[in-house]
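This report refers to the structure that appears directly beneath it.
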Amino acid sequence: MNLNEIAEMTSAEVIASGKDLGEISVPNAYACDLMSDVLAFCSPGSLLLTGLTNLQIIRTAQMLDLPAIVFVRGKIPLEETVNLAKENGIPIMLTKLSMYEACGILYARGLKPCYVPQQGA
C-alpha cells in the first residue's frame with residue numbers, strides 16, 4: 001500500500017513530504033504512543049501511527065528507517081518536529097481519526113501489522 005492511498009483512506013493532510021508519496025510503499029504499520037514499544041516492536045520500513053508530536057518521534061523514525069508518520073486525533077506536531085522531518089525526508093500526515101479508527105481502516109484495507117514476537121512482554 002502506498003502513502004497516497006493511506007492519506008486518502010484516513011482523510012489525512014500531508015504537511016511534510018519531499019518525496020512522491022505514490023512511490024513510497026509500506027508493507028505494514030505500527031501504532032503506539034510509547035516510544036520504548038515502538039523501538040522494541042516496530043519493524044523497519046513500517047508506517048507509524050502516533051499521537052506523540054515531539055522531536056523524539058522523528059529521531060525514532062530515523063533509527064528504524066520508517067518511511068512516514070501519521071499523527072492521529074487531530075494532533076499537530078511541533079514546528080521543530082515538522083522541520084526535522086522535512087530535513088530528513090520523512091513524510092508527515094495528519095488525520096482527525098482516532099488511532100483505533102485509523103488502524104481499523106488500514107487493517108480492513110489490507111495493511112498488515114508488525115510482527116510482535118513476545119506479546120505481553
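The way I read the labels, and the way they are meant: chains A, B, ... in the order of the C-alpha cells, residue 1 as the first residue of every chain, and ligand 1 as the first ligand shown, with later ones counted on from there.
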DSSP-assigned strand (DSSP E) members of stretch 2-107 of chain A, reported as number ranges by chain: A: 13-16, 28-31, 47-50, 68-71, 92-94
Long-range neighbours of A:Leu94 as number ranges by chain, 6 Å cut-off, only C-alpha atoms, 6 positions minimum in chain: A: 12-13, 70-71
Could those selected residues go to a file with C-alpha atoms, as an mmCIF file, in the first residue's frame?
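The resulting file, again.cif, is shown below:
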```cif
data_model
loop_
_atom_site.group_PDB
_atom_site.id
_atom_site.type_symbol
_atom_site.label_atom_id
_atom_site.label_comp_id
_atom_site.auth_asym_id
_atom_site.auth_seq_id
_atom_site.Cartn_x
_atom_site.Cartn_y
_atom_site.Cartn_z
ATOM 1 C CA ALA A 12 -5.041 12.754 6.164
ATOM 2 C CA GLU A 13 -3.445 16.063 5.325
ATOM 3 C CA VAL A 70 0.671 9.584 10.662
ATOM 4 C CA PHE A 71 -0.325 11.767 13.599
#
```
Which of stretch 20-69 of chain A fall in alpha helix (DSSP H), as a ChimeraX atom specification: /A:35-41,55-64
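We find atom CA of A:Lys112 and atom CA of A:Val82 to be spaced 26.6 Å apart.
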Near A:Thr50, within 6 Å and counting only C-alpha atoms, which residues show up once chain neighbours fewer than 3 positions away are dropped, as a compact mmCIF listing (two decimals) with N, CA, C and O atoms, in the first residue's frame?
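File written: part.txt
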```
# COMPACT_ATOMS: atom_id res chain seq x y z
N ALA A 31 1.15 1.13 15.57
CA ALA A 31 0.50 2.27 16.21
C ALA A 31 0.81 2.26 17.70
O ALA A 31 0.60 1.24 18.37
N CYS A 32 1.33 3.38 18.19
CA CYS A 32 1.71 3.41 19.60
C CYS A 32 2.06 4.84 20.02
O CYS A 32 2.50 5.65 19.20
N ASP A 33 1.87 5.13 21.30
CA ASP A 33 2.29 6.40 21.87
C ASP A 33 3.43 6.20 22.88
O ASP A 33 3.81 7.12 23.58
N PHE A 71 0.10 11.29 12.29
CA PHE A 71 -0.33 11.77 13.60
C PHE A 71 -1.84 11.67 13.66
O PHE A 71 -2.54 12.16 12.77
N VAL A 72 -2.35 11.04 14.70
CA VAL A 72 -3.78 10.79 14.85
C VAL A 72 -4.42 11.78 15.83
O VAL A 72 -3.73 12.58 16.45
```
